[in-house]
file input20.cif (mmCIF, N, CA and C atoms)
data_work
loop_
_atom_site.label_atom_id
_atom_site.label_comp_id
_atom_site.auth_asym_id
_atom_site.auth_seq_id
_atom_site.Cartn_x
_atom_site.Cartn_y
_atom_site.Cartn_z
N VAL A 195 0.85 -1.17 0.00
CA VAL A 195 0.00 0.00 0.00
C VAL A 195 0.90 1.23 0.00
N VAL A 196 0.55 2.21 -0.82
CA VAL A 196 1.28 3.48 -0.82
C VAL A 196 0.45 4.50 -0.04
N VAL A 197 1.06 5.11 0.96
CA VAL A 197 0.42 6.12 1.79
C VAL A 197 0.85 7.50 1.30
N THR A 198 -0.10 8.42 1.21
CA THR A 198 0.18 9.81 0.85
C THR A 198 -0.26 10.70 2.00
N ILE A 199 0.64 11.57 2.46
CA ILE A 199 0.30 12.53 3.52
C ILE A 199 0.53 13.93 2.96
N ASP A 200 -0.51 14.75 3.00
CA ASP A 200 -0.43 16.14 2.56
C ASP A 200 0.00 16.99 3.75
N TYR A 201 1.10 17.73 3.60
CA TYR A 201 1.56 18.59 4.70
C TYR A 201 1.41 20.07 4.38
N SER A 202 0.58 20.40 3.41
CA SER A 202 0.42 21.80 2.99
C SER A 202 -0.18 22.68 4.08
N MET A 203 -0.89 22.11 5.03
CA MET A 203 -1.52 22.89 6.10
C MET A 203 -0.69 22.92 7.39
N CYS A 204 0.55 22.44 7.34
CA CYS A 204 1.38 22.36 8.54
C CYS A 204 1.91 23.71 9.01
N GLY A 205 1.89 24.72 8.16
CA GLY A 205 2.35 26.04 8.57
C GLY A 205 3.85 26.20 8.59
N VAL A 206 4.56 25.33 7.87
CA VAL A 206 6.02 25.40 7.80
C VAL A 206 6.40 25.59 6.34
N GLU A 207 7.34 26.49 6.09
CA GLU A 207 7.79 26.73 4.71
C GLU A 207 8.41 25.46 4.15
N PRO A 208 7.84 24.87 3.10
CA PRO A 208 8.31 23.57 2.60
C PRO A 208 9.71 23.60 2.02
N THR A 209 10.16 24.73 1.52
CA THR A 209 11.51 24.77 0.92
C THR A 209 12.59 24.88 1.98
N ALA A 210 12.22 25.18 3.21
CA ALA A 210 13.21 25.39 4.26
C ALA A 210 13.63 24.10 4.95
N HIS A 211 12.89 23.02 4.78
CA HIS A 211 13.14 21.80 5.53
C HIS A 211 12.99 20.56 4.65
N GLN A 212 13.65 19.50 5.06
CA GLN A 212 13.42 18.18 4.47
C GLN A 212 12.39 17.49 5.36
N PHE A 213 11.30 17.02 4.79
CA PHE A 213 10.25 16.37 5.56
C PHE A 213 10.42 14.86 5.53
N TYR A 214 9.98 14.20 6.61
CA TYR A 214 10.11 12.76 6.76
C TYR A 214 8.76 12.19 7.19
N GLY A 215 8.49 10.96 6.81
CA GLY A 215 7.31 10.24 7.27
C GLY A 215 7.74 9.22 8.32
N TRP A 216 7.08 9.22 9.46
CA TRP A 216 7.42 8.31 10.55
C TRP A 216 6.21 7.49 10.97
N TYR A 217 6.45 6.23 11.24
CA TYR A 217 5.48 5.36 11.90
C TYR A 217 5.60 5.67 13.37
N ILE A 218 4.49 5.98 14.05
CA ILE A 218 4.54 6.37 15.45
C ILE A 218 3.67 5.47 16.31
N ASP A 219 4.02 5.40 17.60
CA ASP A 219 3.18 4.75 18.59
C ASP A 219 2.03 5.72 18.88
N GLN A 220 0.80 5.29 18.66
CA GLN A 220 -0.34 6.19 18.79
C GLN A 220 -0.63 6.61 20.23
N SER A 221 -0.16 5.86 21.21
CA SER A 221 -0.39 6.23 22.61
C SER A 221 0.64 7.23 23.11
N SER A 222 1.92 6.92 22.88
CA SER A 222 3.00 7.77 23.41
C SER A 222 3.51 8.79 22.40
N HIS A 223 3.14 8.63 21.13
CA HIS A 223 3.62 9.47 20.02
C HIS A 223 5.12 9.32 19.79
N ARG A 224 5.68 8.25 20.30
CA ARG A 224 7.11 7.97 20.11
C ARG A 224 7.36 7.57 18.66
N LEU A 225 8.46 8.08 18.09
CA LEU A 225 8.83 7.71 16.72
C LEU A 225 9.35 6.28 16.72
N LEU A 226 8.79 5.43 15.87
CA LEU A 226 9.17 4.03 15.83
C LEU A 226 10.01 3.67 14.61
N GLN A 227 9.66 4.22 13.44
CA GLN A 227 10.37 3.84 12.22
C GLN A 227 10.28 4.94 11.18
N ASP A 228 11.43 5.32 10.63
CA ASP A 228 11.46 6.23 9.48
C ASP A 228 10.95 5.44 8.28
N MET A 229 9.95 5.95 7.60
CA MET A 229 9.30 5.22 6.51
C MET A 229 9.96 5.45 5.15
N ALA A 230 11.09 6.14 5.12
CA ALA A 230 11.83 6.40 3.86
C ALA A 230 10.90 7.03 2.82
N ALA A 231 10.20 8.06 3.23
CA ALA A 231 9.22 8.72 2.37
C ALA A 231 9.89 9.54 1.28
N VAL A 232 9.20 9.66 0.17
CA VAL A 232 9.59 10.56 -0.91
C VAL A 232 8.87 11.88 -0.67
N ASP A 233 9.63 12.97 -0.64
CA ASP A 233 9.08 14.30 -0.36
C ASP A 233 8.82 15.02 -1.68
N ASP A 234 7.55 15.17 -2.04
CA ASP A 234 7.14 15.93 -3.23
C ASP A 234 6.91 17.37 -2.78
N ARG A 235 7.96 18.18 -2.81
CA ARG A 235 7.87 19.54 -2.30
C ARG A 235 6.92 20.43 -3.10
N TYR A 236 6.84 20.21 -4.41
CA TYR A 236 5.97 21.04 -5.24
C TYR A 236 4.51 20.91 -4.80
N ASN A 237 4.06 19.69 -4.55
CA ASN A 237 2.68 19.43 -4.12
C ASN A 237 2.54 19.31 -2.61
N GLN A 238 3.64 19.43 -1.88
CA GLN A 238 3.68 19.35 -0.42
C GLN A 238 3.03 18.07 0.10
N ARG A 239 3.57 16.96 -0.39
CA ARG A 239 3.08 15.64 0.01
C ARG A 239 4.24 14.68 0.22
N LEU A 240 4.04 13.74 1.13
CA LEU A 240 4.97 12.64 1.33
C LEU A 240 4.32 11.37 0.81
N PHE A 241 5.13 10.49 0.23
CA PHE A 241 4.67 9.18 -0.23
C PHE A 241 5.58 8.12 0.37
N PHE A 242 5.01 7.02 0.85
CA PHE A 242 5.82 5.89 1.29
C PHE A 242 4.99 4.62 1.21
N ALA A 243 5.69 3.51 1.12
CA ALA A 243 5.03 2.19 1.06
C ALA A 243 5.04 1.55 2.43
N THR A 244 3.99 0.81 2.73
CA THR A 244 3.89 0.09 4.00
C THR A 244 3.00 -1.14 3.80
N ASP A 245 3.08 -2.05 4.75
CA ASP A 245 2.21 -3.22 4.70
C ASP A 245 1.14 -3.18 5.80
N HIS A 246 1.02 -2.01 6.48
CA HIS A 246 0.01 -1.88 7.53
C HIS A 246 -0.44 -0.43 7.67
N PHE A 247 -1.69 -0.25 8.07
CA PHE A 247 -2.20 1.08 8.39
C PHE A 247 -2.08 1.26 9.89
N SER A 248 -1.49 2.36 10.29
CA SER A 248 -1.26 2.67 11.70
C SER A 248 -1.21 4.18 11.85
N GLY A 249 -0.54 4.62 12.91
CA GLY A 249 -0.33 6.05 13.11
C GLY A 249 0.94 6.50 12.41
N TYR A 250 0.84 7.57 11.65
CA TYR A 250 2.00 8.12 10.95
C TYR A 250 2.05 9.62 11.21
N ALA A 251 3.25 10.17 11.13
CA ALA A 251 3.43 11.60 11.36
C ALA A 251 4.41 12.16 10.35
N VAL A 252 4.26 13.45 10.08
CA VAL A 252 5.22 14.20 9.27
C VAL A 252 6.16 14.89 10.25
N ALA A 253 7.45 14.76 9.99
CA ALA A 253 8.45 15.39 10.86
C ALA A 253 9.51 16.07 10.00
N TYR A 254 10.20 17.03 10.60
CA TYR A 254 11.33 17.66 9.93
C TYR A 254 12.37 18.02 10.98
N VAL A 255 13.59 18.20 10.53
CA VAL A 255 14.67 18.59 11.42
C VAL A 255 14.77 20.11 11.37
N ARG A 256 14.61 20.73 12.52
CA ARG A 256 14.68 22.18 12.61
C ARG A 256 16.14 22.61 12.66
N ASP A 257 16.47 23.68 11.95
CA ASP A 257 17.83 24.22 11.99
C ASP A 257 18.11 24.78 13.37
N VAL A 258 19.29 24.47 13.90
CA VAL A 258 19.71 24.99 15.20
C VAL A 258 20.65 26.16 14.94
N GLU A 259 20.34 27.28 15.54
CA GLU A 259 21.18 28.47 15.32
C GLU A 259 22.09 28.72 16.47
#
call {"tool": "encode", "arguments": {"input": "input20.cif", "output": "structure tokens"}}
result
Amino acid sequence: VVVTIDYSMCGVEPTAHQFYGWYIDQSSHRLLQDMAAVDDRYNQRLFFATDHFSGYAVAYVRDVE
């Protein structure tokens, strides 16, 4: 199954960050697995393949100044 997550409403400038798709624990929100998502910056969407439907999140690494 290919999962698509739209991050256009996240309020973060898409060109400023690399976005990642993560499989998360739905109770603790702990990051469990990087899903190796493809980041389509033009359409502001992530795509990744999985064999199960669960909790997923969009994440990015914030620049430290």
call {"tool": "resolve_selection", "arguments": {"input": "input20.cif", "expression": "the PyMOL selection byres ((chain A and resi 240) around 6)", "output": "VMD selection string"}}
result
chain A and resid 197 to 201 231 to 234 238 to 239 241 to 242
call {"tool": "write_last_selection", "arguments": {"input": "input20.cif", "atoms": "N, CA and C atoms", "output": "mmCIF file, in the frame of the given file"}}
result
data_model
loop_
_atom_site.group_PDB
_atom_site.id
_atom_site.type_symbol
_atom_site.label_atom_id
_atom_site.label_comp_id
_atom_site.auth_asym_id
_atom_site.auth_seq_id
_atom_site.Cartn_x
_atom_site.Cartn_y
_atom_site.Cartn_z
ATOM 1 N N VAL A 197 1.060 5.110 0.960
ATOM 2 C CA VAL A 197 0.420 6.120 1.790
ATOM 3 C C VAL A 197 0.850 7.500 1.300
ATOM 4 N N THR A 198 -0.100 8.420 1.210
ATOM 5 C CA THR A 198 0.180 9.810 0.850
ATOM 6 C C THR A 198 -0.260 10.700 2.000
ATOM 7 N N ILE A 199 0.640 11.570 2.460
ATOM 8 C CA ILE A 199 0.300 12.530 3.520
ATOM 9 C C ILE A 199 0.530 13.930 2.960
ATOM 10 N N ASP A 200 -0.510 14.750 3.000
ATOM 11 C CA ASP A 200 -0.430 16.140 2.560
ATOM 12 C C ASP A 200 0.000 16.990 3.750
ATOM 13 N N TYR A 201 1.100 17.730 3.600
ATOM 14 C CA TYR A 201 1.560 18.590 4.700
ATOM 15 C C TYR A 201 1.410 20.070 4.380
ATOM 16 N N ALA A 231 10.200 8.060 3.230
ATOM 17 C CA ALA A 231 9.220 8.720 2.370
ATOM 18 C C ALA A 231 9.890 9.540 1.280
ATOM 19 N N VAL A 232 9.200 9.660 0.170
ATOM 20 C CA VAL A 232 9.590 10.560 -0.910
ATOM 21 C C VAL A 232 8.870 11.880 -0.670
ATOM 22 N N ASP A 233 9.630 12.970 -0.640
ATOM 23 C CA ASP A 233 9.080 14.300 -0.360
ATOM 24 C C ASP A 233 8.820 15.020 -1.680
ATOM 25 N N ASP A 234 7.550 15.170 -2.040
ATOM 26 C CA ASP A 234 7.140 15.930 -3.230
ATOM 27 C C ASP A 234 6.910 17.370 -2.780
ATOM 28 N N GLN A 238 3.640 19.430 -1.880
ATOM 29 C CA GLN A 238 3.680 19.350 -0.420
ATOM 30 C C GLN A 238 3.030 18.070 0.100
ATOM 31 N N ARG A 239 3.570 16.960 -0.390
ATOM 32 C CA ARG A 239 3.080 15.640 0.010
ATOM 33 C C ARG A 239 4.240 14.680 0.220
ATOM 34 N N PHE A 241 5.130 10.490 0.230
ATOM 35 C CA PHE A 241 4.670 9.180 -0.230
ATOM 36 C C PHE A 241 5.580 8.120 0.370
ATOM 37 N N PHE A 242 5.010 7.020 0.850
ATOM 38 C CA PHE A 242 5.820 5.890 1.290
ATOM 39 C C PHE A 242 4.990 4.620 1.210
#
call {"tool": "resolve_selection", "arguments": {"input": "input20.cif", "expression": "the PyMOL selection byres (((chain A and resi 214 and name CA) around 7) and name CA)", "output": "ChimeraX atom specification"}}
result
/A:212-213,215-216,231,252-254
call {"tool": "write_last_selection", "arguments": {"input": "input20.cif", "atoms": "N, CA and C atoms", "output": "short mmCIF file (atom, residue, chain, number, x, y, z; two decimals), in the frame of the given file"}}
result
data_model
loop_
_atom_site.label_atom_id
_atom_site.label_comp_id
_atom_site.auth_asym_id
_atom_site.auth_seq_id
_atom_site.Cartn_x
_atom_site.Cartn_y
_atom_site.Cartn_z
N GLN A 212 13.65 19.50 5.06
CA GLN A 212 13.42 18.18 4.47
C GLN A 212 12.39 17.49 5.36
N PHE A 213 11.30 17.02 4.79
CA PHE A 213 10.25 16.37 5.56
C PHE A 213 10.42 14.86 5.53
N GLY A 215 8.49 10.96 6.81
CA GLY A 215 7.31 10.24 7.27
C GLY A 215 7.74 9.22 8.32
N TRP A 216 7.08 9.22 9.46
CA TRP A 216 7.42 8.31 10.55
C TRP A 216 6.21 7.49 10.97
N ALA A 231 10.20 8.06 3.23
CA ALA A 231 9.22 8.72 2.37
C ALA A 231 9.89 9.54 1.28
N VAL A 252 4.26 13.45 10.08
CA VAL A 252 5.22 14.20 9.27
C VAL A 252 6.16 14.89 10.25
N ALA A 253 7.45 14.76 9.99
CA ALA A 253 8.45 15.39 10.86
C ALA A 253 9.51 16.07 10.00
N TYR A 254 10.20 17.03 10.60
CA TYR A 254 11.33 17.66 9.93
C TYR A 254 12.37 18.02 10.98
#
call {"tool": "atom_distance", "arguments": {"input": "input20.cif", "atom1": "atom CA of A:Asp245", "atom2": "atom C of A:Val195"}}
result
6.6 Å
call {"tool": "closest_residue", "arguments": {"input": "input20.cif", "among": "A:Val196, A:Val206, A:Ala251, A:Ala243", "to": "A:Arg224", "atoms": "only C-alpha atoms"}}
result
A:Ala251
call {"tool": "atom_distance", "arguments": {"input": "input20.cif", "atom1": "atom CA of A:Tyr250", "atom2": "atom CA of A:Tyr217"}}
result
4.5 Å
call {"tool": "atom_distance", "arguments": {"input": "input20.cif", "atom1": "atom CA of A:Phe247", "atom2": "atom CA of A:Leu225"}}
result
15.3 Å
call {"tool": "axis_aligned_box", "arguments": {"input": "input20.cif", "around": "stretch 195-209 of chain A", "padding_each_side": "8 Å", "output": "AutoDock Vina command-line options"}}
result
--center_x 5.5 --center_y 12.8 --center_z 4.1 --size_x 30.1 --size_y 43.9 --size_z 25.8
call {"tool": "closest_residue", "arguments": {"input": "input20.cif", "among": "A:Arg235, A:His211, A:Gln220, A:Met203", "to": "A:Arg256", "atoms": "only C-alpha atoms"}}
result
A:His211
call {"tool": "select_by_dssp", "arguments": {"input": "input20.cif", "residues": "chain A", "states": "strand (DSSP E)", "output": "JSON, numbers by chain"}}
result
{"A": [196, 197, 198, 199, 200, 213, 214, 215, 216, 217, 218, 225, 226, 227, 228, 232, 233, 234, 239, 240, 241, 242, 243, 249, 250, 251, 252, 253, 254]}
call {"tool": "decode", "arguments": {"input": "input20.cif", "residues": "stretch 195-229 of chain A", "atoms": "N, CA and C atoms", "output": "mmCIF file, in the first residue's frame"}}
result
data_model
loop_
_atom_site.group_PDB
_atom_site.id
_atom_site.type_symbol
_atom_site.label_atom_id
_atom_site.label_comp_id
_atom_site.auth_asym_id
_atom_site.auth_seq_id
_atom_site.Cartn_x
_atom_site.Cartn_y
_atom_site.Cartn_z
ATOM 1 N N VAL A 195 0.848 -1.167 0.000
ATOM 2 C CA VAL A 195 0.000 0.000 0.000
ATOM 3 C C VAL A 195 0.896 1.233 0.000
ATOM 4 N N VAL A 196 0.551 2.211 -0.819
ATOM 5 C CA VAL A 196 1.275 3.483 -0.816
ATOM 6 C C VAL A 196 0.448 4.503 -0.038
ATOM 7 N N VAL A 197 1.064 5.111 0.957
ATOM 8 C CA VAL A 197 0.420 6.123 1.791
ATOM 9 C C VAL A 197 0.853 7.498 1.300
ATOM 10 N N THR A 198 -0.098 8.422 1.211
ATOM 11 C CA THR A 198 0.182 9.809 0.849
ATOM 12 C C THR A 198 -0.263 10.696 2.002
ATOM 13 N N ILE A 199 0.637 11.572 2.457
ATOM 14 C CA ILE A 199 0.303 12.526 3.515
ATOM 15 C C ILE A 199 0.531 13.929 2.963
ATOM 16 N N ASP A 200 -0.506 14.747 3.001
ATOM 17 C CA ASP A 200 -0.430 16.138 2.559
ATOM 18 C C ASP A 200 0.004 16.990 3.755
ATOM 19 N N TYR A 201 1.101 17.732 3.600
ATOM 20 C CA TYR A 201 1.556 18.586 4.698
ATOM 21 C C TYR A 201 1.408 20.073 4.379
ATOM 22 N N SER A 202 0.582 20.404 3.405
ATOM 23 C CA SER A 202 0.421 21.800 2.991
ATOM 24 C C SER A 202 -0.177 22.683 4.085
ATOM 25 N N MET A 203 -0.887 22.110 5.030
ATOM 26 C CA MET A 203 -1.515 22.893 6.100
ATOM 27 C C MET A 203 -0.686 22.915 7.387
ATOM 28 N N CYS A 204 0.548 22.443 7.340
ATOM 29 C CA CYS A 204 1.384 22.363 8.543
ATOM 30 C C CYS A 204 1.911 23.715 9.011
ATOM 31 N N GLY A 205 1.886 24.722 8.159
ATOM 32 C CA GLY A 205 2.346 26.042 8.567
ATOM 33 C C GLY A 205 3.854 26.198 8.586
ATOM 34 N N VAL A 206 4.562 25.335 7.874
ATOM 35 C CA VAL A 206 6.018 25.402 7.804
ATOM 36 C C VAL A 206 6.399 25.586 6.344
ATOM 37 N N GLU A 207 7.338 26.486 6.088
ATOM 38 C CA GLU A 207 7.790 26.732 4.715
ATOM 39 C C GLU A 207 8.414 25.460 4.154
ATOM 40 N N PRO A 208 7.835 24.867 3.103
ATOM 41 C CA PRO A 208 8.309 23.573 2.604
ATOM 42 C C PRO A 208 9.714 23.598 2.020
ATOM 43 N N THR A 209 10.165 24.731 1.516
ATOM 44 C CA THR A 209 11.506 24.769 0.924
ATOM 45 C C THR A 209 12.593 24.881 1.975
ATOM 46 N N ALA A 210 12.220 25.184 3.206
ATOM 47 C CA ALA A 210 13.213 25.390 4.261
ATOM 48 C C ALA A 210 13.634 24.097 4.953
ATOM 49 N N HIS A 211 12.890 23.025 4.781
ATOM 50 C CA HIS A 211 13.143 21.802 5.534
ATOM 51 C C HIS A 211 12.987 20.564 4.653
ATOM 52 N N GLN A 212 13.652 19.499 5.060
ATOM 53 C CA GLN A 212 13.416 18.179 4.470
ATOM 54 C C GLN A 212 12.389 17.487 5.359
ATOM 55 N N PHE A 213 11.300 17.018 4.790
ATOM 56 C CA PHE A 213 10.250 16.374 5.562
ATOM 57 C C PHE A 213 10.419 14.859 5.527
ATOM 58 N N TYR A 214 9.981 14.200 6.605
ATOM 59 C CA TYR A 214 10.105 12.756 6.764
ATOM 60 C C TYR A 214 8.761 12.187 7.195
ATOM 61 N N GLY A 215 8.489 10.956 6.809
ATOM 62 C CA GLY A 215 7.312 10.240 7.275
ATOM 63 C C GLY A 215 7.745 9.221 8.315
ATOM 64 N N TRP A 216 7.080 9.224 9.458
ATOM 65 C CA TRP A 216 7.424 8.310 10.548
ATOM 66 C C TRP A 216 6.214 7.493 10.966
ATOM 67 N N TYR A 217 6.453 6.233 11.241
ATOM 68 C CA TYR A 217 5.478 5.359 11.895
ATOM 69 C C TYR A 217 5.603 5.675 13.374
ATOM 70 N N ILE A 218 4.488 5.978 14.047
ATOM 71 C CA ILE A 218 4.535 6.374 15.450
ATOM 72 C C ILE A 218 3.668 5.467 16.314
ATOM 73 N N ASP A 219 4.020 5.404 17.599
ATOM 74 C CA ASP A 219 3.177 4.755 18.593
ATOM 75 C C ASP A 219 2.028 5.722 18.878
ATOM 76 N N GLN A 220 0.797 5.294 18.664
ATOM 77 C CA GLN A 220 -0.339 6.194 18.795
ATOM 78 C C GLN A 220 -0.626 6.607 20.233
ATOM 79 N N SER A 221 -0.162 5.860 21.210
ATOM 80 C CA SER A 221 -0.390 6.226 22.609
ATOM 81 C C SER A 221 0.642 7.226 23.114
ATOM 82 N N SER A 222 1.919 6.922 22.881
ATOM 83 C CA SER A 222 2.996 7.769 23.408
ATOM 84 C C SER A 222 3.507 8.794 22.398
ATOM 85 N N HIS A 223 3.138 8.635 21.130
ATOM 86 C CA HIS A 223 3.619 9.466 20.018
ATOM 87 C C HIS A 223 5.121 9.320 19.793
ATOM 88 N N ARG A 224 5.682 8.251 20.297
ATOM 89 C CA ARG A 224 7.109 7.972 20.107
ATOM 90 C C ARG A 224 7.356 7.570 18.661
ATOM 91 N N LEU A 225 8.456 8.078 18.086
ATOM 92 C CA LEU A 225 8.834 7.711 16.722
ATOM 93 C C LEU A 225 9.354 6.283 16.721
ATOM 94 N N LEU A 226 8.786 5.435 15.871
ATOM 95 C CA LEU A 226 9.173 4.029 15.833
ATOM 96 C C LEU A 226 10.010 3.671 14.612
ATOM 97 N N GLN A 227 9.659 4.222 13.441
ATOM 98 C CA GLN A 227 10.370 3.839 12.225
ATOM 99 C C GLN A 227 10.276 4.941 11.181
ATOM 100 N N ASP A 228 11.431 5.317 10.627
ATOM 101 C CA ASP A 228 11.465 6.227 9.482
ATOM 102 C C ASP A 228 10.947 5.439 8.280
ATOM 103 N N MET A 229 9.946 5.952 7.602
ATOM 104 C CA MET A 229 9.303 5.223 6.513
ATOM 105 C C MET A 229 9.963 5.453 5.153
#
